[in-house]
Amino acid sequence: MQQFPLVRWVALFWGVAVFFPIGLNYTALVLLATATALRGDWRERLARLRRSPNWWPAWFFLGWTALVLALGPHYPETASNAFHALRIVLTLALVLALARDEALWAMRGFVLGLTASLMLVALDQLIGLPHSKLWESTVSYGGNKSLANALLMALAAVSGLLLMPVLSTRQRGVMTLLTLGSVAVLLWVLYSRTAWLIVVACLVVGLVHQLRARRQHQWLALVGAAALALAAGMFVPAVKDRLELGAHEVVNAYEGQAVGMTSSWGIRFRMYSETLDMMRERPLMGWGIGGWNTEWKRRVDGPLAGANMPHNDFLWMGAQTGVPGAIALFLMVAAGLPAAWQRHDKRGRMAVVALLAMLLATATNSALRDAAIGLTLWFIVLVYQRLSTEAEPVWPDVLPNVRL
């Protein structure tokens, strides 16, 4: 008797939920863990997980974190930080253990969530939507959840451009609308600098991967991407103003001027400097799980003391668990890159750009530590990686072959 595909439907739900409040994503995490346990095919899933390149880096990350937790000092934030470290690995394990159809339905959910989000933005711009936490982070920019939505749309836009050649004519029409809609939102609503960094960097790397055998075409692609970045930085007011503001903030922070909580790049400059000092002072075991917050407050005063994360998860782990912890986190995130790069097809290309987007987000924000990003972008990136391991073409099956 055929079992009800519960995992598939939960994966679909999580794919849709990534654009919506974090509570729905935590619900999806619990539901996926429960559905996987009830499904009963643990051996098959475990075998799939063990074949992934993330298997040993994840154990290294967990083992080193547990060692520091056992031997190091404890702080008020120790339990919370330990929970987030476990949540990061649990998400990885659940997604990379998905079957092909389950991962495919998760990606279909992502497309549905993207479509709904673009429609919400359009309605808000046309008629103005009433205030609601359900779509607040989609129709306006502010906070890490809206940043997560911007990063997801950046990845969707790059994916849409790179996938065009393998789609049918009707599917290209759908993908064109989704791609143009995502770019429009990034230009006028969710104008995140990190999102635009991902668009430009991932598009360049994706094109280099696609044109690796054609050097002249690679140079043309690089010039075109550089022109796109320059045009956005010079002529799009939202992007131009934020870039100028960021450069001004870094200069002020470097010159020793006071940095406020509204100074995005300025506070990052101060955070990175102080966190690197923490790593240099205790390079092996760090300050202990949860120690960054306490040590940060000891080193700064005023409004800056209210920050609770360094906006770079590699530095976060380095400060709390030493250089080995930072290396463990990097290896766990980037483990799928070599195999994806070696694949000369769309599946490998999509995994490359997704993992690069995750690395950029993790290096410039708390993209794993903060669940607003670490339960949304991390989930979708892992779905990309999971689909890249399939032997048969999978991306044309994501979009329905509908008539426009």
# chains A, B, ... in the order shown; residues from 1 in each chain; ligands from 1
$ residues_around --residues "A:Ala340" --least-positions-apart "4" --cutoff "9 Å" --atoms "only C-alpha atoms" --output "JSON, numbers by chain"
{"A": [336, 344, 347, 348, 349, 350, 351, 352, 385, 388, 389]}
$ write_last_selection --atoms "all heavy atoms" --output "mmCIF file, in the first residue's frame"
data_model
loop_
_atom_site.group_PDB
_atom_site.id
_atom_site.type_symbol
_atom_site.label_atom_id
_atom_site.label_comp_id
_atom_site.auth_asym_id
_atom_site.auth_seq_id
_atom_site.Cartn_x
_atom_site.Cartn_y
_atom_site.Cartn_z
ATOM 1 N N GLY A 336 29.714 21.415 -0.609
ATOM 2 C CA GLY A 336 29.134 20.981 -1.878
ATOM 3 C C GLY A 336 29.676 21.699 -3.096
ATOM 4 O O GLY A 336 29.376 21.314 -4.233
ATOM 5 N N HIS A 344 29.282 19.953 -15.374
ATOM 6 C CA HIS A 344 29.177 20.904 -16.477
ATOM 7 C C HIS A 344 27.737 21.000 -16.969
ATOM 8 O O HIS A 344 27.486 20.968 -18.173
ATOM 9 C CB HIS A 344 30.104 20.487 -17.625
ATOM 10 C CG HIS A 344 31.555 20.589 -17.286
ATOM 11 N ND1 HIS A 344 32.513 20.997 -18.188
ATOM 12 C CD2 HIS A 344 32.229 20.351 -16.130
ATOM 13 C CE1 HIS A 344 33.711 20.991 -17.618
ATOM 14 N NE2 HIS A 344 33.558 20.593 -16.367
ATOM 15 N N ARG A 347 22.390 21.636 -13.310
ATOM 16 C CA ARG A 347 22.263 21.238 -11.901
ATOM 17 C C ARG A 347 23.474 21.686 -11.095
ATOM 18 O O ARG A 347 23.343 22.250 -10.005
ATOM 19 C CB ARG A 347 22.072 19.722 -11.811
ATOM 20 C CG ARG A 347 20.668 19.258 -12.109
ATOM 21 C CD ARG A 347 20.649 17.843 -12.658
ATOM 22 N NE ARG A 347 21.174 17.800 -14.025
ATOM 23 C CZ ARG A 347 21.437 16.702 -14.697
ATOM 24 N NH1 ARG A 347 21.267 15.533 -14.124
ATOM 25 N NH2 ARG A 347 21.888 16.753 -15.919
ATOM 26 N N GLY A 348 24.655 21.471 -11.648
ATOM 27 C CA GLY A 348 25.856 21.938 -10.967
ATOM 28 C C GLY A 348 25.913 23.450 -10.886
ATOM 29 O O GLY A 348 26.302 24.015 -9.861
ATOM 30 N N ARG A 349 25.500 24.121 -11.962
ATOM 31 C CA ARG A 349 25.554 25.594 -12.007
ATOM 32 C C ARG A 349 24.632 26.209 -10.970
ATOM 33 O O ARG A 349 24.989 27.186 -10.290
ATOM 34 C CB ARG A 349 25.170 26.052 -13.414
ATOM 35 C CG ARG A 349 25.513 27.506 -13.722
ATOM 36 C CD ARG A 349 25.449 27.728 -15.224
ATOM 37 N NE ARG A 349 26.313 26.762 -15.885
ATOM 38 C CZ ARG A 349 25.937 25.987 -16.891
ATOM 39 N NH1 ARG A 349 24.699 26.048 -17.345
ATOM 40 N NH2 ARG A 349 26.785 25.135 -17.434
ATOM 41 N N MET A 350 23.441 25.663 -10.826
ATOM 42 C CA MET A 350 22.509 26.204 -9.842
ATOM 43 C C MET A 350 23.034 26.029 -8.421
ATOM 44 O O MET A 350 22.902 26.920 -7.571
ATOM 45 C CB MET A 350 21.148 25.514 -9.980
ATOM 46 C CG MET A 350 20.385 25.830 -11.248
ATOM 47 S SD MET A 350 19.963 27.593 -11.416
ATOM 48 C CE MET A 350 21.246 28.107 -12.559
ATOM 49 N N ALA A 351 23.664 24.899 -8.152
ATOM 50 C CA ALA A 351 24.229 24.674 -6.819
ATOM 51 C C ALA A 351 25.389 25.622 -6.559
ATOM 52 O O ALA A 351 25.550 26.130 -5.442
ATOM 53 C CB ALA A 351 24.684 23.228 -6.679
ATOM 54 N N VAL A 352 26.201 25.881 -7.577
ATOM 55 C CA VAL A 352 27.336 26.795 -7.412
ATOM 56 C C VAL A 352 26.849 28.182 -7.023
ATOM 57 O O VAL A 352 27.348 28.787 -6.063
ATOM 58 C CB VAL A 352 28.182 26.852 -8.700
ATOM 59 C CG1 VAL A 352 29.132 28.042 -8.664
ATOM 60 C CG2 VAL A 352 28.969 25.571 -8.877
ATOM 61 N N GLN A 385 21.335 22.437 -3.634
ATOM 62 C CA GLN A 385 22.432 21.470 -3.591
ATOM 63 C C GLN A 385 21.911 20.043 -3.715
ATOM 64 O O GLN A 385 22.503 19.222 -4.427
ATOM 65 C CB GLN A 385 23.220 21.618 -2.292
ATOM 66 C CG GLN A 385 24.392 20.637 -2.204
ATOM 67 C CD GLN A 385 25.192 20.769 -0.932
ATOM 68 O OE1 GLN A 385 25.266 21.841 -0.353
ATOM 69 N NE2 GLN A 385 25.792 19.669 -0.476
ATOM 70 N N SER A 388 21.131 19.187 -7.204
ATOM 71 C CA SER A 388 22.309 19.116 -8.080
ATOM 72 C C SER A 388 22.910 17.731 -8.125
ATOM 73 O O SER A 388 23.709 17.425 -9.018
ATOM 74 C CB SER A 388 23.373 20.112 -7.602
ATOM 75 O OG SER A 388 24.015 19.658 -6.415
ATOM 76 N N THR A 389 22.559 16.874 -7.187
ATOM 77 C CA THR A 389 23.137 15.528 -7.147
ATOM 78 C C THR A 389 22.370 14.531 -8.000
ATOM 79 O O THR A 389 22.793 13.373 -8.131
ATOM 80 C CB THR A 389 23.187 15.008 -5.696
ATOM 81 O OG1 THR A 389 21.850 14.884 -5.187
ATOM 82 C CG2 THR A 389 23.964 15.961 -4.803
#
$ residues_around --residues "A:Val7" --least-positions-apart "2" --cutoff "9 Å" --atoms "only C-alpha atoms" --output "PDB file with N, CA, C and O atoms, in the first residue's frame"
ATOM      1  N   PHE A   4       1.032   7.922   2.147  1.00  0.00           N
ATOM      2  CA  PHE A   4       0.730   9.316   1.827  1.00  0.00           C
ATOM      3  C   PHE A   4       2.033  10.114   1.816  1.00  0.00           C
ATOM      4  O   PHE A   4       2.823  10.012   2.755  1.00  0.00           O
ATOM      5  N   PRO A   5       2.301  10.914   0.766  1.00  0.00           N
ATOM      6  CA  PRO A   5       3.586  11.618   0.647  1.00  0.00           C
ATOM      7  C   PRO A   5       3.656  12.836   1.578  1.00  0.00           C
ATOM      8  O   PRO A   5       3.741  13.986   1.132  1.00  0.00           O
ATOM      9  N   TRP A   9       4.665  17.122   0.978  1.00  0.00           N
ATOM     10  CA  TRP A   9       3.788  18.270   1.205  1.00  0.00           C
ATOM     11  C   TRP A   9       4.357  19.227   2.249  1.00  0.00           C
ATOM     12  O   TRP A   9       4.184  20.439   2.150  1.00  0.00           O
ATOM     13  N   VAL A  10       5.059  18.685   3.225  1.00  0.00           N
ATOM     14  CA  VAL A  10       5.716  19.559   4.202  1.00  0.00           C
ATOM     15  C   VAL A  10       6.848  20.331   3.538  1.00  0.00           C
ATOM     16  O   VAL A  10       7.052  21.520   3.813  1.00  0.00           O
ATOM     17  N   ALA A  11       7.605  19.664   2.659  1.00  0.00           N
ATOM     18  CA  ALA A  11       8.670  20.350   1.925  1.00  0.00           C
ATOM     19  C   ALA A  11       8.097  21.472   1.063  1.00  0.00           C
ATOM     20  O   ALA A  11       8.672  22.566   0.969  1.00  0.00           O
ATOM     21  N   LEU A  12       6.956  21.215   0.426  1.00  0.00           N
ATOM     22  CA  LEU A  12       6.268  22.249  -0.350  1.00  0.00           C
ATOM     23  C   LEU A  12       5.884  23.421   0.547  1.00  0.00           C
ATOM     24  O   LEU A  12       6.099  24.593   0.190  1.00  0.00           O
ATOM     25  N   LEU A  31       7.712  20.249  11.520  1.00  0.00           N
ATOM     26  CA  LEU A  31       6.876  19.344  10.727  1.00  0.00           C
ATOM     27  C   LEU A  31       7.712  18.438   9.836  1.00  0.00           C
ATOM     28  O   LEU A  31       7.405  17.247   9.681  1.00  0.00           O
ATOM     29  N   LEU A  32       8.783  18.986   9.241  1.00  0.00           N
ATOM     30  CA  LEU A  32       9.611  18.158   8.367  1.00  0.00           C
ATOM     31  C   LEU A  32      10.348  17.096   9.176  1.00  0.00           C
ATOM     32  O   LEU A  32      10.458  15.938   8.745  1.00  0.00           O
ATOM     33  N   ALA A  33      10.843  17.464  10.365  1.00  0.00           N
ATOM     34  CA  ALA A  33      11.499  16.470  11.217  1.00  0.00           C
ATOM     35  C   ALA A  33      10.512  15.386  11.634  1.00  0.00           C
ATOM     36  O   ALA A  33      10.839  14.185  11.617  1.00  0.00           O
ATOM     37  N   THR A  34       9.284  15.785  11.964  1.00  0.00           N
ATOM     38  CA  THR A  34       8.261  14.826  12.378  1.00  0.00           C
ATOM     39  C   THR A  34       7.844  13.929  11.220  1.00  0.00           C
ATOM     40  O   THR A  34       7.736  12.699  11.364  1.00  0.00           O
ATOM     41  N   ALA A  35       7.606  14.545  10.057  1.00  0.00           N
ATOM     42  CA  ALA A  35       7.188  13.768   8.888  1.00  0.00           C
ATOM     43  C   ALA A  35       8.272  12.782   8.469  1.00  0.00           C
ATOM     44  O   ALA A  35       7.982  11.643   8.090  1.00  0.00           O
ATOM     45  N   THR A  36       9.531  13.206   8.542  1.00  0.00           N
ATOM     46  CA  THR A  36      10.635  12.314   8.188  1.00  0.00           C
ATOM     47  C   THR A  36      10.702  11.130   9.149  1.00  0.00           C
ATOM     48  O   THR A  36      10.930   9.976   8.732  1.00  0.00           O
ATOM     49  N   ARG A  39       7.836   8.749   8.421  1.00  0.00           N
ATOM     50  CA  ARG A  39       7.933   8.067   7.112  1.00  0.00           C
ATOM     51  C   ARG A  39       8.594   6.695   7.257  1.00  0.00           C
ATOM     52  O   ARG A  39       8.229   5.754   6.560  1.00  0.00           O
ATOM     53  N   LEU A  98      16.400  14.475   1.711  1.00  0.00           N
ATOM     54  CA  LEU A  98      15.157  14.429   0.945  1.00  0.00           C
ATOM     55  C   LEU A  98      15.312  13.574  -0.308  1.00  0.00           C
ATOM     56  O   LEU A  98      16.381  13.538  -0.930  1.00  0.00           O
ATOM     57  N   GLU A 102      10.708  14.982  -3.301  1.00  0.00           N
ATOM     58  CA  GLU A 102      10.479  15.851  -2.142  1.00  0.00           C
ATOM     59  C   GLU A 102      11.242  17.168  -2.302  1.00  0.00           C
ATOM     60  O   GLU A 102      10.695  18.238  -2.030  1.00  0.00           O
TER      61      GLU A 102
END
$ closest_residue --among "A:Val300, A:Ala195, A:Leu126, A:Ile267" --to "A:Ala148" --atoms "only C-alpha atoms"
A:Ala195
$ atom_distance --atom1 "atom CA of A:Phe20" --atom2 "atom CA of A:Ala106"
15.0 Å
$ closest_residue --among "A:Leu399, A:Val174, A:Leu355, A:Leu387" --to "A:Ala97" --atoms "only C-alpha atoms"
A:Leu387
$ residues_around --residues "A:Val381" --least-positions-apart "5" --cutoff "12 Å" --atoms "only C-alpha atoms" --output "number ranges by chain"
A: 15, 18, 91-92, 95-96, 103, 106-107, 110, 151-152, 155-156, 159, 333-334, 336-337, 350-359, 361, 367-368, 373-376, 386-388
$ residues_around --residues "A:Ala184" --least-positions-apart "5" --cutoff "12 Å" --atoms "only C-alpha atoms" --output "PyMOL selection string"
chain A and resi 118+121-122+125+150+153-154+157+177-179+189-191+196+232+236+238
$ write_last_selection --atoms "N, CA and C atoms" --output "PDB file, in the first residue's frame"
ATOM      1  N   LEU A 118       5.646  38.514  -4.942  1.00  0.00           N
ATOM      2  CA  LEU A 118       5.644  39.537  -5.988  1.00  0.00           C
ATOM      3  C   LEU A 118       4.254  40.123  -6.172  1.00  0.00           C
ATOM      4  N   VAL A 121       3.657  42.586  -3.298  1.00  0.00           N
ATOM      5  CA  VAL A 121       4.349  43.855  -3.529  1.00  0.00           C
ATOM      6  C   VAL A 121       3.603  44.684  -4.555  1.00  0.00           C
ATOM      7  N   ALA A 122       3.149  44.038  -5.638  1.00  0.00           N
ATOM      8  CA  ALA A 122       2.413  44.759  -6.671  1.00  0.00           C
ATOM      9  C   ALA A 122       1.125  45.360  -6.105  1.00  0.00           C
ATOM     10  N   GLN A 125       1.926  48.346  -3.905  1.00  0.00           N
ATOM     11  CA  GLN A 125       2.306  49.526  -4.679  1.00  0.00           C
ATOM     12  C   GLN A 125       1.107  50.158  -5.391  1.00  0.00           C
ATOM     13  N   ALA A 150      14.949  39.667   0.422  1.00  0.00           N
ATOM     14  CA  ALA A 150      15.736  40.270  -0.658  1.00  0.00           C
ATOM     15  C   ALA A 150      16.780  39.288  -1.178  1.00  0.00           C
ATOM     16  N   MET A 153      15.100  36.686  -3.325  1.00  0.00           N
ATOM     17  CA  MET A 153      14.746  37.209  -4.642  1.00  0.00           C
ATOM     18  C   MET A 153      15.984  37.405  -5.507  1.00  0.00           C
ATOM     19  N   ALA A 154      17.106  37.765  -4.886  1.00  0.00           N
ATOM     20  CA  ALA A 154      18.350  37.886  -5.651  1.00  0.00           C
ATOM     21  C   ALA A 154      18.747  36.533  -6.234  1.00  0.00           C
ATOM     22  N   ALA A 157      16.383  35.675  -9.070  1.00  0.00           N
ATOM     23  CA  ALA A 157      16.640  36.436 -10.289  1.00  0.00           C
ATOM     24  C   ALA A 157      17.815  35.844 -11.063  1.00  0.00           C
ATOM     25  N   LEU A 177       8.739  36.705 -16.202  1.00  0.00           N
ATOM     26  CA  LEU A 177       7.930  37.529 -15.302  1.00  0.00           C
ATOM     27  C   LEU A 177       8.466  37.474 -13.878  1.00  0.00           C
ATOM     28  N   LEU A 178       8.827  36.289 -13.421  1.00  0.00           N
ATOM     29  CA  LEU A 178       9.345  36.146 -12.055  1.00  0.00           C
ATOM     30  C   LEU A 178      10.686  36.850 -11.898  1.00  0.00           C
ATOM     31  N   THR A 179      11.538  36.741 -12.916  1.00  0.00           N
ATOM     32  CA  THR A 179      12.855  37.368 -12.843  1.00  0.00           C
ATOM     33  C   THR A 179      12.745  38.885 -12.864  1.00  0.00           C
ATOM     34  N   VAL A 189      11.997  48.312  -3.686  1.00  0.00           N
ATOM     35  CA  VAL A 189      11.369  47.980  -2.402  1.00  0.00           C
ATOM     36  C   VAL A 189      12.390  47.389  -1.424  1.00  0.00           C
ATOM     37  N   LEU A 190      12.923  46.237  -1.749  1.00  0.00           N
ATOM     38  CA  LEU A 190      13.892  45.561  -0.865  1.00  0.00           C
ATOM     39  C   LEU A 190      15.302  45.823  -1.388  1.00  0.00           C
ATOM     40  N   TYR A 191      15.735  47.087  -1.317  1.00  0.00           N
ATOM     41  CA  TYR A 191      16.990  47.507  -1.945  1.00  0.00           C
ATOM     42  C   TYR A 191      18.197  47.202  -1.049  1.00  0.00           C
ATOM     43  N   TRP A 196      22.233  42.841  -3.951  1.00  0.00           N
ATOM     44  CA  TRP A 196      22.825  43.222  -5.236  1.00  0.00           C
ATOM     45  C   TRP A 196      24.223  42.659  -5.401  1.00  0.00           C
ATOM     46  N   ALA A 232      23.849  50.058 -11.949  1.00  0.00           N
ATOM     47  CA  ALA A 232      23.015  50.061 -10.748  1.00  0.00           C
ATOM     48  C   ALA A 232      23.581  50.998  -9.695  1.00  0.00           C
ATOM     49  N   VAL A 236      20.706  53.987 -10.274  1.00  0.00           N
ATOM     50  CA  VAL A 236      19.522  53.592  -9.506  1.00  0.00           C
ATOM     51  C   VAL A 236      19.590  54.277  -8.155  1.00  0.00           C
ATOM     52  N   ALA A 238      18.083  54.222  -5.210  1.00  0.00           N
ATOM     53  CA  ALA A 238      18.089  53.469  -3.957  1.00  0.00           C
ATOM     54  C   ALA A 238      19.428  52.777  -3.736  1.00  0.00           C
TER      55      ALA A 238
END
$ closest_residue --among "A:Leu382, A:Val323, A:Ala371, A:Ala17" --to "A:Arg87" --atoms "only C-alpha atoms"
A:Ala371
$ residues_around --residues "A:Ile289" --least-positions-apart "3" --cutoff "12 Å" --atoms "only C-alpha atoms" --output "PyMOL selection string"
chain A and resi 64-85+285-286+292-295+316-322+325
$ atom_distance --atom1 "atom CA of A:Trp341" --atom2 "atom CA of A:His209"
7.3 Å
$ decode --residues "stretch 293-314 of chain A" --atoms "C-alpha atoms" --output "tab-separated table (two decimals), in the first residue's frame"
chain	number	residue	atom	x	y	z
A	293	ASN	CA	27.72	38.98	23.38
A	294	THR	CA	29.36	39.28	26.79
A	295	GLU	CA	32.78	40.06	25.36
A	296	TRP	CA	31.35	42.58	22.89
A	297	LYS	CA	29.60	44.47	25.69
A	298	ARG	CA	32.88	44.55	27.61
A	299	ARG	CA	34.66	46.19	24.68
A	300	VAL	CA	32.09	48.77	23.60
A	301	ASP	CA	29.66	51.14	25.27
A	302	GLY	CA	26.64	53.17	24.36
A	303	PRO	CA	24.07	52.00	21.80
A	304	LEU	CA	26.55	49.59	20.17
A	305	ALA	CA	26.45	47.38	23.26
A	306	GLY	CA	22.92	46.36	22.30
A	307	ALA	CA	24.10	44.31	19.30
A	308	ASN	CA	23.84	40.55	19.75
A	309	MET	CA	25.72	39.17	16.72
A	310	PRO	CA	28.74	40.28	14.65
A	311	HIS	CA	27.00	40.13	11.24
A	312	ASN	CA	29.50	37.53	10.05
A	313	ASP	CA	28.87	33.96	11.16
A	314	PHE	CA	32.41	32.80	10.42
